[in-house]
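J.: Below: one structure in structure tokens.
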Amino acid sequence: MPAKKTDVNELLKALKKLYPEHIIPLHHQNAWQLLCAVILSAQCTDERVNQITPALFQAFPTPQAMARADIKEVEKLIHSAGFYHSKALSLIESSKRICDVYGGEVPQNMKDLLTLRGVARKTANVMLGDYFKKPEGIVVDTHIKRLSFRLGLTRQTDPVKVEQDLMKVIPYKYWAWFGIALILHGRQVCNARKPECSRCTLAGFCPRKGVKISA
């Protein structure tokens with residue numbers, strides 16, 4: 001069951017002290033660039049994506065240019081991101097749809113975002129919450145799923161069900177920031193196999209501290 005509201009409020013205060021800023025770690029200058037970066041970030045580090053995107057956006061600076069791209073060229077530029085064929089296809093096909101259906105602009109609602117190749121709820125939530133500032137849900141990646149379980153905010157393992165639990169207990173105004181904060185804490189302190197509970201300032205809120213989790 002989700003934690004009590006008072007527990008969540010105290011948790012949010014502690015988390016806000018640790019991560020007061022809402023900073024998207026993926027470098028971008030517009031919505032389309034962020035969308036491309038998030039697509040590339042699947043099973044790839046943000047650092048690697050940030051190394052790849054400057055050359056990618058220099059070669060293909062707009063969705064119109066990406067829509068006309070040769071897939072082999074895109075694959076060469078993004079090869080080190082892994083799953084490069086699928087990701088290249090997603091970049092090209094989503095850009096085509098953005099141009100053909102949405103007038104060259106990234107759509108600003110969940111329903112339309114999910115029609116783009118390579119975009120599932122996680123990516124759509126990043127765009128809506130972190131860029132457009134009108135979230136329709138909460139990002140759930142492996143870090144958020146793991147920390148939400150350890151912190152007693154959910155007993156679920158399916159990302160959609162985890163998101164549903166979080167949306168019930170996290171106030172709407174914190175939805176976008178909360179995801180970024182948990183991701184940062186998962187990377188820096190609360191890793192999967194060896195969480196550093198002894199130096200974790202959230203340990204007092206964590207009924208499952210020290211639990212090893214495979215993902």
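We label chains A, B, ... in the order they appear in the structure tokens, count residues from 1 in each chain, and number ligands from 1 in the order shown.
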Quick one: residues within 12 Å of Val101 of chain A, only C-alpha atoms counted, chain neighbours fewer than 5 positions away excluded, as a CSV table (one decimal) with N, CA and C atoms, in the first residue's frame?

T.:
chain,number,residue,atom,x,y,z
A,93,GLU,N,11.2,8.1,-38.1
A,93,GLU,CA,9.8,7.9,-38.2
A,93,GLU,C,9.0,8.9,-37.3
A,94,SER,N,9.5,9.1,-36.1
A,94,SER,CA,8.8,10.1,-35.2
A,94,SER,C,8.9,11.5,-35.8
A,95,SER,N,10.1,11.8,-36.4
A,95,SER,CA,10.2,13.1,-37.0
A,95,SER,C,9.3,13.3,-38.2
A,96,LYS,N,9.2,12.2,-39.0
A,96,LYS,CA,8.2,12.3,-40.2
A,96,LYS,C,6.8,12.6,-39.7
A,106,VAL,N,6.5,19.2,-31.8
A,106,VAL,CA,6.3,18.0,-30.9
A,106,VAL,C,4.9,18.2,-30.2
A,107,PRO,N,4.0,17.2,-30.3
A,107,PRO,CA,2.7,17.3,-29.6
A,107,PRO,C,2.8,17.5,-28.1
A,112,ASP,N,-1.3,12.0,-28.2
A,112,ASP,CA,-0.5,12.3,-29.5
A,112,ASP,C,0.9,11.8,-29.4
A,113,LEU,N,1.5,12.1,-28.3
A,113,LEU,CA,2.9,11.7,-28.1
A,113,LEU,C,3.1,10.2,-28.3
A,115,THR,N,1.7,8.3,-30.2
A,115,THR,CA,1.6,7.8,-31.6
A,115,THR,C,2.9,7.9,-32.3
A,116,LEU,N,3.9,8.5,-31.6
A,116,LEU,CA,5.3,8.6,-32.2
A,116,LEU,C,6.1,7.3,-32.0

J.: Give the answer as one residue: which of A:Ile170, A:Cys44, A:Ala203, A:Ile180 has the shortest atom-to-atom distance to Ile23 of chain A, using only C-alpha atoms?

T.: A:Ile180

J.: Show which residues sit within 7 Å of segment 75-85 of chain A, as a PDB file with N, CA and C atoms, in the first residue's frame. Count only C-alpha atoms, and ignore same-chain residues fewer than 3 positions away.

T.:
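around13.pdb was written with the following content:
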ATOM      1  N   LEU A  40      17.094   8.210 -27.461  1.00  0.00           N
ATOM      2  CA  LEU A  40      18.442   7.637 -27.452  1.00  0.00           C
ATOM      3  C   LEU A  40      18.835   7.115 -26.076  1.00  0.00           C
ATOM      4  N   CYS A  44      20.866   3.433 -22.117  1.00  0.00           N
ATOM      5  CA  CYS A  44      22.097   4.167 -22.418  1.00  0.00           C
ATOM      6  C   CYS A  44      22.221   5.286 -21.396  1.00  0.00           C
ATOM      7  N   ARG A  48      26.518   9.473 -22.235  1.00  0.00           N
ATOM      8  CA  ARG A  48      26.759   9.007 -23.600  1.00  0.00           C
ATOM      9  C   ARG A  48      25.860   9.733 -24.585  1.00  0.00           C
ATOM     10  N   VAL A  49      24.605   9.891 -24.232  1.00  0.00           N
ATOM     11  CA  VAL A  49      23.679  10.613 -25.119  1.00  0.00           C
ATOM     12  C   VAL A  49      24.174  12.031 -25.369  1.00  0.00           C
ATOM     13  N   ILE A  52      26.737  12.165 -27.954  1.00  0.00           N
ATOM     14  CA  ILE A  52      26.265  11.835 -29.296  1.00  0.00           C
ATOM     15  C   ILE A  52      25.506  12.977 -29.953  1.00  0.00           C
ATOM     16  N   LEU A  56      24.857  14.765 -33.982  1.00  0.00           N
ATOM     17  CA  LEU A  56      23.574  14.370 -34.573  1.00  0.00           C
ATOM     18  C   LEU A  56      22.759  15.592 -34.962  1.00  0.00           C
ATOM     19  N   ILE A  71      18.942   6.352 -43.120  1.00  0.00           N
ATOM     20  CA  ILE A  71      19.048   5.652 -41.843  1.00  0.00           C
ATOM     21  C   ILE A  71      20.481   5.227 -41.541  1.00  0.00           C
ATOM     22  N   LYS A  72      21.256   4.912 -42.565  1.00  0.00           N
ATOM     23  CA  LYS A  72      22.647   4.513 -42.340  1.00  0.00           C
ATOM     24  C   LYS A  72      23.464   5.666 -41.758  1.00  0.00           C
ATOM     25  N   ALA A  88      17.546   4.631 -34.571  1.00  0.00           N
ATOM     26  CA  ALA A  88      17.601   5.462 -35.780  1.00  0.00           C
ATOM     27  C   ALA A  88      16.258   5.479 -36.482  1.00  0.00           C
ATOM     28  N   LEU A  89      15.628   4.320 -36.560  1.00  0.00           N
ATOM     29  CA  LEU A  89      14.313   4.236 -37.182  1.00  0.00           C
ATOM     30  C   LEU A  89      13.295   5.059 -36.401  1.00  0.00           C
TER      31      LEU A  89
END

J.: Which of these residues is nearest to Lys87 of chain A, using only C-alpha atoms: A:Val160, A:Leu114, A:Ile39, A:Leu184?

T.: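 Among the listed residues, A:Ile39 lies closest to Lys87 of chain A.
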
J.: Please provide as a list of chain:residue names all residues within 7 Å of Met167 of chain A, with the sequence filter that same-chain residues fewer than 4 positions apart are discarded (counting only C-alpha atoms).

T.: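 The residues satisfying every condition are A:Gly137, A:Ile138, A:Glu163.
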
J.: Would you kindly return, as a ChimeraX atom specification, each protein, DNA or RNA residue with an atom no farther than 8 Å from any atom of Arg150 of chain A, considering only C-alpha atoms and excluding same-chain residues fewer than 6 positions away?

T.: /A:206-209,211

J.: Write the selection just made, keeping all heavy atoms, as an mmCIF file, in the first residue's frame?

T.:
data_model
loop_
_atom_site.group_PDB
_atom_site.id
_atom_site.type_symbol
_atom_site.label_atom_id
_atom_site.label_comp_id
_atom_site.auth_asym_id
_atom_site.auth_seq_id
_atom_site.Cartn_x
_atom_site.Cartn_y
_atom_site.Cartn_z
ATOM 1 N N CYS A 206 12.662 4.853 4.886
ATOM 2 C CA CYS A 206 12.827 3.710 3.999
ATOM 3 C C CYS A 206 12.589 2.381 4.706
ATOM 4 O O CYS A 206 13.509 1.829 5.320
ATOM 5 C CB CYS A 206 14.237 3.753 3.409
ATOM 6 S SG CYS A 206 14.503 2.587 2.063
ATOM 7 N N PRO A 207 11.378 1.832 4.639
ATOM 8 C CA PRO A 207 11.100 0.560 5.310
ATOM 9 C C PRO A 207 11.818 -0.627 4.696
ATOM 10 O O PRO A 207 11.924 -1.675 5.320
ATOM 11 C CB PRO A 207 9.578 0.416 5.184
ATOM 12 C CG PRO A 207 9.235 1.215 3.961
ATOM 13 C CD PRO A 207 10.190 2.356 3.964
ATOM 14 N N ARG A 208 12.326 -0.460 3.479
ATOM 15 C CA ARG A 208 13.010 -1.579 2.806
ATOM 16 C C ARG A 208 14.455 -1.217 2.521
ATOM 17 O O ARG A 208 15.022 -1.644 1.525
ATOM 18 C CB ARG A 208 12.269 -1.931 1.522
ATOM 19 C CG ARG A 208 10.815 -2.339 1.739
ATOM 20 C CD ARG A 208 10.184 -2.836 0.448
ATOM 21 N NE ARG A 208 8.773 -3.173 0.646
ATOM 22 C CZ ARG A 208 7.758 -2.406 0.275
ATOM 23 N NH1 ARG A 208 7.986 -1.258 -0.313
ATOM 24 N NH2 ARG A 208 6.516 -2.786 0.470
ATOM 25 N N LYS A 209 15.087 -0.423 3.369
ATOM 26 C CA LYS A 209 16.471 -0.026 3.136
ATOM 27 C C LYS A 209 17.374 -1.261 3.154
ATOM 28 O O LYS A 209 17.170 -2.208 3.903
ATOM 29 C CB LYS A 209 16.939 0.988 4.177
ATOM 30 C CG LYS A 209 16.986 0.486 5.602
ATOM 31 C CD LYS A 209 17.423 1.612 6.530
ATOM 32 C CE LYS A 209 17.437 1.159 7.982
ATOM 33 N NZ LYS A 209 17.838 2.249 8.887
ATOM 34 N N VAL A 211 17.629 -3.450 0.844
ATOM 35 C CA VAL A 211 17.121 -4.547 0.014
ATOM 36 C C VAL A 211 17.813 -4.530 -1.337
ATOM 37 O O VAL A 211 17.864 -3.510 -2.006
ATOM 38 C CB VAL A 211 15.585 -4.429 -0.168
ATOM 39 C CG1 VAL A 211 15.083 -5.518 -1.118
ATOM 40 C CG2 VAL A 211 14.901 -4.534 1.173
#

J.: Return the single residue from A:Cys200, A:Ala120, A:Leu151, A:Ile24 that is closest to Ala37 of chain A, with distances computed using only C-alpha atoms.

T.: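 Checking each candidate against Ala37 of chain A, we get A:Ile24 as the closest.
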
J.: List the spatial neighbours of Ile183 of chain A as a short mmCIF file (atom, residue, chain, number, x, y, z; two decimals) with C-alpha atoms, in the first residue's frame - criterion: any atom at most 9 Å away, only C-alpha atoms, same-chain residues fewer than 2 positions off excluded.

T.:
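Full text of selection07.cif as output:
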data_model
loop_
_atom_site.label_atom_id
_atom_site.label_comp_id
_atom_site.auth_asym_id
_atom_site.auth_seq_id
_atom_site.Cartn_x
_atom_site.Cartn_y
_atom_site.Cartn_z
CA ASP A 141 12.37 4.19 -14.98
CA THR A 142 14.40 1.51 -13.22
CA HIS A 143 15.69 3.97 -10.58
CA ILE A 144 12.24 5.36 -9.78
CA LEU A 147 13.35 3.64 -4.95
CA PHE A 178 9.99 14.06 -8.15
CA GLY A 179 11.03 11.83 -11.04
CA ILE A 180 14.28 13.71 -11.65
CA ALA A 181 15.08 13.77 -7.92
CA HIS A 185 19.29 9.73 -5.79
CA GLY A 186 19.21 6.29 -7.38
CA ARG A 187 22.37 7.03 -9.33
CA GLN A 188 24.29 8.71 -6.53
#

J.: Could you pull out all residues of segment 53-210 of chain A with a DSSP call of alpha helix (DSSP H) and give them as a PyMOL selection string?

T.: chain A and resi 53-59+63-67+71-78+84-101+110-113+121-125+142-150+159-169+175-188

J.: Set the distance at 10 Å and use only C-alpha atoms: which residues neighbour Asn30 of chain A once local chain neighbours fewer than 5 positions away are removed? I'd like the list as a short mmCIF file (atom, residue, chain, number, x, y, z; two decimals) with all heavy atoms, in the first residue's frame.

T.:
data_model
loop_
_atom_site.label_atom_id
_atom_site.label_comp_id
_atom_site.auth_asym_id
_atom_site.auth_seq_id
_atom_site.Cartn_x
_atom_site.Cartn_y
_atom_site.Cartn_z
N LEU A 35 13.21 15.27 -27.22
CA LEU A 35 12.55 14.02 -27.61
C LEU A 35 13.57 13.04 -28.19
O LEU A 35 13.59 11.86 -27.81
CB LEU A 35 11.45 14.30 -28.62
CG LEU A 35 10.70 13.07 -29.14
CD1 LEU A 35 9.83 12.47 -28.04
CD2 LEU A 35 9.83 13.43 -30.35
N THR A 62 16.83 19.86 -37.62
CA THR A 62 15.39 20.04 -37.49
C THR A 62 14.67 18.72 -37.69
O THR A 62 15.24 17.79 -38.28
CB THR A 62 14.86 21.04 -38.54
OG1 THR A 62 15.06 20.47 -39.85
CG2 THR A 62 15.57 22.39 -38.43
N VAL A 106 6.49 19.17 -31.77
CA VAL A 106 6.26 18.02 -30.90
C VAL A 106 4.91 18.19 -30.21
O VAL A 106 4.65 19.23 -29.60
CB VAL A 106 7.38 17.89 -29.86
CG1 VAL A 106 7.09 16.74 -28.89
CG2 VAL A 106 8.73 17.69 -30.54
N TYR A 131 9.55 19.26 -19.93
CA TYR A 131 9.71 20.32 -20.93
C TYR A 131 8.48 21.23 -21.01
O TYR A 131 8.59 22.44 -20.89
CB TYR A 131 10.00 19.72 -22.31
CG TYR A 131 10.39 20.79 -23.30
CD1 TYR A 131 11.71 21.21 -23.41
CD2 TYR A 131 9.44 21.42 -24.10
CE1 TYR A 131 12.07 22.22 -24.29
CE2 TYR A 131 9.79 22.43 -24.98
CZ TYR A 131 11.11 22.83 -25.07
OH TYR A 131 11.44 23.85 -25.93
#
